[in-house]
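Peer 1: This is input.txt (compact mmCIF, C-alpha atoms and all ligand atoms).
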# COMPACT_ATOMS: atom_id res chain seq x y z
CA MET A 1 14.25 -9.90 7.58
CA ASP A 2 15.51 -7.16 9.87
CA TYR A 3 12.28 -5.22 10.00
CA GLU A 4 13.56 -2.83 12.68
CA SER A 5 16.28 -1.59 10.29
CA LEU A 6 13.80 -1.46 7.44
CA TRP A 7 11.46 0.53 9.66
CA ALA A 8 14.19 3.07 10.44
CA GLY A 9 14.58 3.68 6.69
CA ALA A 10 10.84 3.86 6.09
CA GLU A 11 10.28 6.25 8.98
CA SER A 12 13.01 8.58 7.74
CA LEU A 13 11.30 8.78 4.34
CA LEU A 14 7.85 9.43 5.81
CA ASP A 15 8.22 12.97 7.10
CA PRO A 16 4.94 14.57 8.20
CA ALA A 17 6.46 18.00 7.49
CA ILE A 18 6.73 17.49 3.71
CA HIS A 19 4.14 17.17 0.94
CA PRO A 20 2.25 13.85 1.06
CA LEU A 21 2.94 13.14 -2.63
CA SER A 22 6.68 13.25 -1.96
CA ASN A 23 6.28 10.91 1.00
CA LEU A 24 4.10 8.47 -0.94
CA ALA A 25 6.40 8.43 -3.98
CA ASN A 26 9.51 7.82 -1.90
CA ILE A 27 8.04 5.12 0.32
CA SER A 28 6.72 3.31 -2.78
CA ALA A 29 10.22 3.20 -4.28
CA TYR A 30 11.73 2.24 -0.92
CA ILE A 31 9.39 -0.74 -0.52
CA ARG A 32 9.86 -1.85 -4.14
CA PHE A 33 13.65 -1.70 -4.09
CA THR A 34 14.68 -2.27 -0.46
CA LEU A 35 12.61 -5.31 0.40
CA PRO A 36 13.34 -8.52 -1.51
CA ASP A 37 10.89 -10.05 -3.99
CA ILE A 38 8.58 -7.09 -4.43
CA ASN A 39 7.50 -6.16 -7.97
CA TRP A 40 4.92 -3.44 -7.23
CA SER A 41 4.20 -1.14 -4.32
CA GLY A 42 1.96 1.87 -4.14
CA PHE A 43 -1.29 3.54 -3.20
CA TYR A 44 -4.91 3.85 -4.24
CA PHE A 45 -7.14 6.60 -2.83
CA LEU A 46 -10.91 6.53 -2.49
CA LEU A 47 -12.87 9.21 -4.33
CA ASP A 48 -16.63 8.87 -4.91
CA GLY A 49 -16.63 5.17 -4.12
CA VAL A 50 -13.76 4.32 -6.47
CA LEU A 51 -10.12 3.62 -5.66
CA ASN A 52 -7.91 5.82 -7.83
CA LEU A 53 -4.28 5.03 -8.57
CA GLY A 54 -1.86 7.12 -6.53
CA PRO A 55 1.93 7.22 -6.33
CA PHE A 56 3.51 3.82 -6.96
CA CYS A 57 6.67 2.03 -8.04
CA GLY A 58 6.34 -0.78 -10.56
CA LEU A 59 4.68 -1.42 -13.90
CA PRO A 60 1.80 0.87 -14.94
CA ALA A 61 -1.35 -0.27 -13.14
CA CYS A 62 -5.13 -0.05 -13.49
CA ILE A 63 -6.22 3.48 -12.71
CA SER A 64 -9.51 2.81 -10.95
CA ILE A 65 -10.89 -0.05 -8.86
CA PRO A 66 -14.53 -0.07 -7.68
CA LEU A 67 -15.06 -0.58 -3.95
CA GLY A 68 -15.41 -4.31 -3.31
CA ARG A 69 -13.53 -5.37 -6.46
CA GLY A 70 -10.19 -7.17 -6.45
CA VAL A 71 -7.88 -7.39 -3.47
CA CYS A 72 -7.66 -3.61 -3.06
CA GLY A 73 -11.40 -3.00 -3.33
CA THR A 74 -12.06 -5.82 -0.86
CA ALA A 75 -9.61 -4.41 1.70
CA ALA A 76 -11.16 -0.95 1.37
CA LYS A 77 -14.77 -2.15 1.51
CA LEU A 78 -14.26 -4.48 4.49
CA ASN A 79 -11.75 -2.16 6.18
CA GLU A 80 -9.56 -5.22 6.65
CA THR A 81 -6.01 -6.01 5.63
CA GLN A 82 -5.93 -8.62 2.88
CA CYS A 83 -2.97 -11.00 2.90
CA VAL A 84 -3.28 -13.16 -0.22
CA PRO A 85 -0.81 -16.07 -0.57
CA ASP A 86 -1.93 -16.91 -4.13
CA VAL A 87 -3.56 -14.16 -6.16
CA HIS A 88 -4.81 -16.68 -8.73
CA ALA A 89 -6.98 -18.21 -6.01
CA PHE A 90 -8.49 -14.85 -4.98
CA PRO A 91 -11.93 -14.36 -6.60
CA GLY A 92 -11.92 -11.19 -8.70
CA HIS A 93 -8.21 -10.51 -8.37
CA ILE A 94 -7.21 -7.73 -10.78
CA ALA A 95 -3.97 -8.59 -12.57
CA CYS A 96 -2.03 -5.38 -13.24
CA ASP A 97 1.39 -7.02 -13.42
CA CYS A 98 1.11 -10.62 -14.62
CA ASN A 99 4.22 -11.48 -12.60
CA SER A 100 2.40 -10.89 -9.31
CA ARG A 101 1.72 -14.09 -7.36
CA SER A 102 1.00 -12.88 -3.82
CA GLU A 103 -0.31 -9.59 -2.49
CA LEU A 104 -0.77 -7.60 0.72
CA VAL A 105 -3.21 -4.69 0.96
CA VAL A 106 -3.54 -2.50 4.07
CA PRO A 107 -6.39 0.05 4.41
CA LEU A 108 -5.53 3.70 5.15
CA HIS A 109 -7.71 5.85 7.41
CA LEU A 110 -8.44 9.47 8.19
CA ASP A 111 -10.83 10.35 11.01
CA GLY A 112 -11.61 6.65 11.38
CA LYS A 113 -12.77 6.29 7.76
CA VAL A 114 -11.05 4.33 4.98
CA VAL A 115 -9.53 6.80 2.49
CA GLY A 116 -7.32 4.43 0.50
CA VAL A 117 -5.00 1.44 0.57
CA LEU A 118 -1.33 0.56 0.55
CA ASP A 119 -0.82 -2.28 -1.98
CA ILE A 120 2.27 -4.51 -2.23
CA ASP A 121 2.75 -7.28 -4.80
CA SER A 122 5.32 -10.07 -4.96
CA PRO A 123 6.36 -12.32 -7.85
CA ILE A 124 6.63 -15.27 -5.48
CA PRO A 125 3.73 -17.11 -3.84
CA ASN A 126 3.13 -16.76 -0.10
CA ARG A 127 5.59 -13.87 0.21
CA PHE A 128 3.71 -12.15 3.05
CA GLY A 129 3.20 -13.43 6.60
CA GLU A 130 2.76 -12.01 10.06
CA PRO A 131 6.05 -10.03 10.14
CA GLU A 132 5.13 -8.37 6.83
CA VAL A 133 1.59 -7.59 7.98
CA ALA A 134 3.01 -6.02 11.16
CA PHE A 135 5.64 -4.04 9.22
CA PHE A 136 3.29 -2.69 6.57
CA THR A 137 0.61 -1.88 9.15
CA ARG A 138 3.24 0.24 10.89
CA VAL A 139 4.14 1.89 7.57
CA ALA A 140 0.45 2.55 6.88
CA SER A 141 0.04 4.22 10.30
CA ARG A 142 2.92 6.56 9.57
CA VAL A 143 1.45 7.33 6.12
CA GLU A 144 -1.86 8.18 7.81
CA ARG A 145 -0.04 10.62 10.07
CA CYS A 146 1.64 12.23 7.06
CA LEU A 147 -1.76 12.63 5.38
CA THR A 148 -3.40 13.98 8.53
CA ASP A 149 -0.73 16.57 9.14
CA ASN A 150 -1.04 17.86 5.57
CA ARG A 151 -4.78 17.73 5.23
CA THR A 152 -5.11 21.18 3.71
CA ILE A 153 -2.70 20.24 0.91
CA TRP A 154 -4.04 16.76 0.32
CA GLN A 155 -7.71 17.72 0.69
CA LEU A 156 -9.00 14.34 1.85
N1 LIG B 201 -4.13 -6.71 -7.76
C1 LIG B 201 -4.90 -5.58 -7.29
C2 LIG B 201 -4.92 -4.49 -8.32
C3 LIG B 201 -3.83 -3.49 -8.17
S1 LIG B 201 -2.36 -4.03 -8.76
O1 LIG B 201 -1.92 -5.21 -8.01
C4 LIG B 201 -1.24 -2.85 -8.70
C5 LIG B 201 -6.29 -6.00 -6.94
O2 LIG B 201 -6.69 -7.13 -7.20
O3 LIG B 201 -7.02 -5.17 -6.39
Would you write out, as C-alpha cells, the structure that this file holds?

Peer 2:
Amino acid sequence: MDYESLWAGAESLLDPAIHPLSNLANISAYIRFTLPDINWSGFYFLLDGVLNLGPFCGLPACISIPLGRGVCGTAAKLNETQCVPDVHAFPGHIACDCNSRSELVVPLHLDGKVVGVLDIDSPIPNRFGEPEVAFFTRVASRVERCLTDNRTIWQL
C-alpha cells in the first residue's frame, strides 16, 4: 500500500479549522472506502467510563462498550493499540458486524488522557500489520489535533 498517498488524502480531510463531527464523519468514510478490505471504520468516545458510538462508516454498531470490554474497551483501558489478527480468538470480542475477522483499535488522547478510540475492522484475517499500525497512529494523532483545536465545540 502507498501509505504516503493515503496519508495525503487523510490529512486533507482532517482540517483542524472545521467542526470535529465533520472531520470524524469524513475520515470514517475515507478509511472504509479508500483502503482495501475494510468493512467498518469509526470512533467511540469515553463518557462516564463507557465508550459511546461516534461517527462511523459501516453497518450499525453497538452503541456503548464498557471500559475493559471487547477490543475497543481493552485499548481504552490499557491505553494501548490493539492489533487483533483473528477477532474470534480475542476473549470478549464484541461482534457488531459478523463479517469482521481482524481489527485494529488505536486510543485517542486529550491532555494525555484517553478520550476515545479509532476502530477499524476487516473482513479478512490478519489484515493489519506494522504499516497499518503506523498509518492509523498517524491518523489518530491528526484526529487528536482536530479535537484539541475545537475543544469548546466538542466539550471533551
Ligand atoms: N469489535 C469491537 C466492537 C466495535 S465494532 O467492531 C464496530 C470490540 O470488540 O470492541

Peer 1: Show me a table, sorted first by chain and then by increasing residue number, of the residues of chain A having an atom at most 10 Å from ligand LIG 201 (chain B), each with its shortest atom pair and the distance in Å to one decimal, counting only C-alpha atoms and all ligand atoms and written as JSON lines.

Peer 2:
{"residue": "A:Asn39", "atom": "CA", "partner": "B:LIG201", "partner_atom": "C4", "distance": 9.4}
{"residue": "A:Trp40", "atom": "CA", "partner": "B:LIG201", "partner_atom": "C4", "distance": 6.4}
{"residue": "A:Ser41", "atom": "CA", "partner": "B:LIG201", "partner_atom": "C4", "distance": 7.2}
{"residue": "A:Gly42", "atom": "CA", "partner": "B:LIG201", "partner_atom": "C4", "distance": 7.3}
{"residue": "A:Phe43", "atom": "CA", "partner": "B:LIG201", "partner_atom": "C4", "distance": 8.4}
{"residue": "A:Tyr44", "atom": "CA", "partner": "B:LIG201", "partner_atom": "C3", "distance": 8.4}
{"residue": "A:Leu51", "atom": "CA", "partner": "B:LIG201", "partner_atom": "O3", "distance": 9.3}
{"residue": "A:Leu53", "atom": "CA", "partner": "B:LIG201", "partner_atom": "C4", "distance": 8.4}
{"residue": "A:Phe56", "atom": "CA", "partner": "B:LIG201", "partner_atom": "C4", "distance": 8.4}
{"residue": "A:Cys57", "atom": "CA", "partner": "B:LIG201", "partner_atom": "C4", "distance": 9.3}
{"residue": "A:Gly58", "atom": "CA", "partner": "B:LIG201", "partner_atom": "C4", "distance": 8.1}
{"residue": "A:Leu59", "atom": "CA", "partner": "B:LIG201", "partner_atom": "C4", "distance": 8.0}
{"residue": "A:Pro60", "atom": "CA", "partner": "B:LIG201", "partner_atom": "C4", "distance": 7.9}
{"residue": "A:Ala61", "atom": "CA", "partner": "B:LIG201", "partner_atom": "C4", "distance": 5.1}
{"residue": "A:Cys62", "atom": "CA", "partner": "B:LIG201", "partner_atom": "C3", "distance": 6.5}
{"residue": "A:Ile63", "atom": "CA", "partner": "B:LIG201", "partner_atom": "C3", "distance": 8.7}
{"residue": "A:Ser64", "atom": "CA", "partner": "B:LIG201", "partner_atom": "C3", "distance": 8.9}
{"residue": "A:Ile65", "atom": "CA", "partner": "B:LIG201", "partner_atom": "O3", "distance": 6.9}
{"residue": "A:Pro66", "atom": "CA", "partner": "B:LIG201", "partner_atom": "O3", "distance": 9.2}
{"residue": "A:Leu67", "atom": "CA", "partner": "B:LIG201", "partner_atom": "O3", "distance": 9.6}
{"residue": "A:Gly68", "atom": "CA", "partner": "B:LIG201", "partner_atom": "O3", "distance": 9.0}
{"residue": "A:Arg69", "atom": "CA", "partner": "B:LIG201", "partner_atom": "O3", "distance": 6.5}
{"residue": "A:Gly70", "atom": "CA", "partner": "B:LIG201", "partner_atom": "O2", "distance": 3.6}
{"residue": "A:Val71", "atom": "CA", "partner": "B:LIG201", "partner_atom": "O3", "distance": 3.8}
{"residue": "A:Cys72", "atom": "CA", "partner": "B:LIG201", "partner_atom": "O3", "distance": 3.7}
{"residue": "A:Gly73", "atom": "CA", "partner": "B:LIG201", "partner_atom": "O3", "distance": 5.8}
{"residue": "A:Thr74", "atom": "CA", "partner": "B:LIG201", "partner_atom": "O3", "distance": 7.5}
{"residue": "A:Ala75", "atom": "CA", "partner": "B:LIG201", "partner_atom": "O3", "distance": 8.5}
{"residue": "A:Ala76", "atom": "CA", "partner": "B:LIG201", "partner_atom": "O3", "distance": 9.8}
{"residue": "A:Gln82", "atom": "CA", "partner": "B:LIG201", "partner_atom": "O3", "distance": 10.0}
{"residue": "A:Val84", "atom": "CA", "partner": "B:LIG201", "partner_atom": "O2", "distance": 9.8}
{"residue": "A:Val87", "atom": "CA", "partner": "B:LIG201", "partner_atom": "N1", "distance": 7.6}
{"residue": "A:His88", "atom": "CA", "partner": "B:LIG201", "partner_atom": "O2", "distance": 9.9}
{"residue": "A:Phe90", "atom": "CA", "partner": "B:LIG201", "partner_atom": "O2", "distance": 8.2}
{"residue": "A:Pro91", "atom": "CA", "partner": "B:LIG201", "partner_atom": "O2", "distance": 8.9}
{"residue": "A:Gly92", "atom": "CA", "partner": "B:LIG201", "partner_atom": "O2", "distance": 6.8}
{"residue": "A:His93", "atom": "CA", "partner": "B:LIG201", "partner_atom": "O2", "distance": 3.9}
{"residue": "A:Ile94", "atom": "CA", "partner": "B:LIG201", "partner_atom": "O2", "distance": 3.7}
{"residue": "A:Ala95", "atom": "CA", "partner": "B:LIG201", "partner_atom": "N1", "distance": 5.2}
{"residue": "A:Cys96", "atom": "CA", "partner": "B:LIG201", "partner_atom": "S1", "distance": 4.7}
{"residue": "A:Asp97", "atom": "CA", "partner": "B:LIG201", "partner_atom": "O1", "distance": 6.6}
{"residue": "A:Cys98", "atom": "CA", "partner": "B:LIG201", "partner_atom": "O1", "distance": 9.1}
{"residue": "A:Asn99", "atom": "CA", "partner": "B:LIG201", "partner_atom": "O1", "distance": 9.9}
{"residue": "A:Ser100", "atom": "CA", "partner": "B:LIG201", "partner_atom": "O1", "distance": 7.3}
{"residue": "A:Arg101", "atom": "CA", "partner": "B:LIG201", "partner_atom": "N1", "distance": 9.4}
{"residue": "A:Ser102", "atom": "CA", "partner": "B:LIG201", "partner_atom": "N1", "distance": 8.9}
{"residue": "A:Glu103", "atom": "CA", "partner": "B:LIG201", "partner_atom": "N1", "distance": 7.1}
{"residue": "A:Leu104", "atom": "CA", "partner": "B:LIG201", "partner_atom": "O1", "distance": 9.1}
{"residue": "A:Val105", "atom": "CA", "partner": "B:LIG201", "partner_atom": "O3", "distance": 8.3}
{"residue": "A:Val117", "atom": "CA", "partner": "B:LIG201", "partner_atom": "O3", "distance": 9.8}
{"residue": "A:Leu118", "atom": "CA", "partner": "B:LIG201", "partner_atom": "C4", "distance": 9.9}
{"residue": "A:Asp119", "atom": "CA", "partner": "B:LIG201", "partner_atom": "C4", "distance": 6.8}
{"residue": "A:Ile120", "atom": "CA", "partner": "B:LIG201", "partner_atom": "O1", "distance": 7.2}
{"residue": "A:Asp121", "atom": "CA", "partner": "B:LIG201", "partner_atom": "O1", "distance": 6.0}
{"residue": "A:Ser122", "atom": "CA", "partner": "B:LIG201", "partner_atom": "O1", "distance": 9.2}

Peer 1: Report, in Å to a single decimal, how far apart atom CA of A:Asn52 and atom CA of A:Leu24 are.

Peer 2: 14.1 Å

Peer 1: So the first atom is atom CA of A:Arg145 and the second is atom CA of A:Leu108; what is the distance between them in Å, to one decimal place?

Peer 2: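 Between atom CA of A:Arg145 and atom CA of A:Leu108 the gap is 10.1 Å.
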
Peer 1: I'd like the interatomic distance between atom CA of A:Ala140 and atom CA of A:Gly49, to a tenth of an Å.

Peer 2: 20.5 Å

Peer 1: With distances taken over only C-alpha atoms, which of A:Val50, A:Val106, A:Ile27, A:Leu35 is nearest to A:Cys83?

Peer 2: A:Val106

Peer 1: Using only C-alpha atoms, pick whichever of A:Pro85, A:Asp48, A:Ile31, A:Glu11 has the shortest atom-to-atom distance to A:Asn126.

Peer 2: A:Pro85

Peer 1: Between A:Gly129, A:Leu6, A:Asn150, A:Gly54, which one has atoms that come closest to A:Phe33, using all atoms listed in the file?

Peer 2: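 Closest residue, counting all atoms listed in the file: A:Leu6.
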
Peer 1: Would you compute an axis-aligned box for stretch 104-122 of chain A, covering every atom listed for it in the file with 6 Å of margin on each side, and report centre and edge lengths in Å to one decimal as JSON?

Peer 2:
{"center_x": -3.7, "center_y": 0.1, "center_z": 3.2, "size_x": 30.1, "size_y": 32.4, "size_z": 28.3}

Peer 1: Write out as a count of residues only the residues lying within 9 Å of A:Arg142, counting only C-alpha atoms and excluding same-chain residues fewer than 3 positions away.

Peer 2: 10

Peer 1: Which is closest to A:Asn23 among A:Glu144, A:Thr81, A:Glu130, A:Leu46, if we use all atoms listed in the file?

Peer 2: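 That would be A:Glu144, the residue with the smallest distance to A:Asn23.
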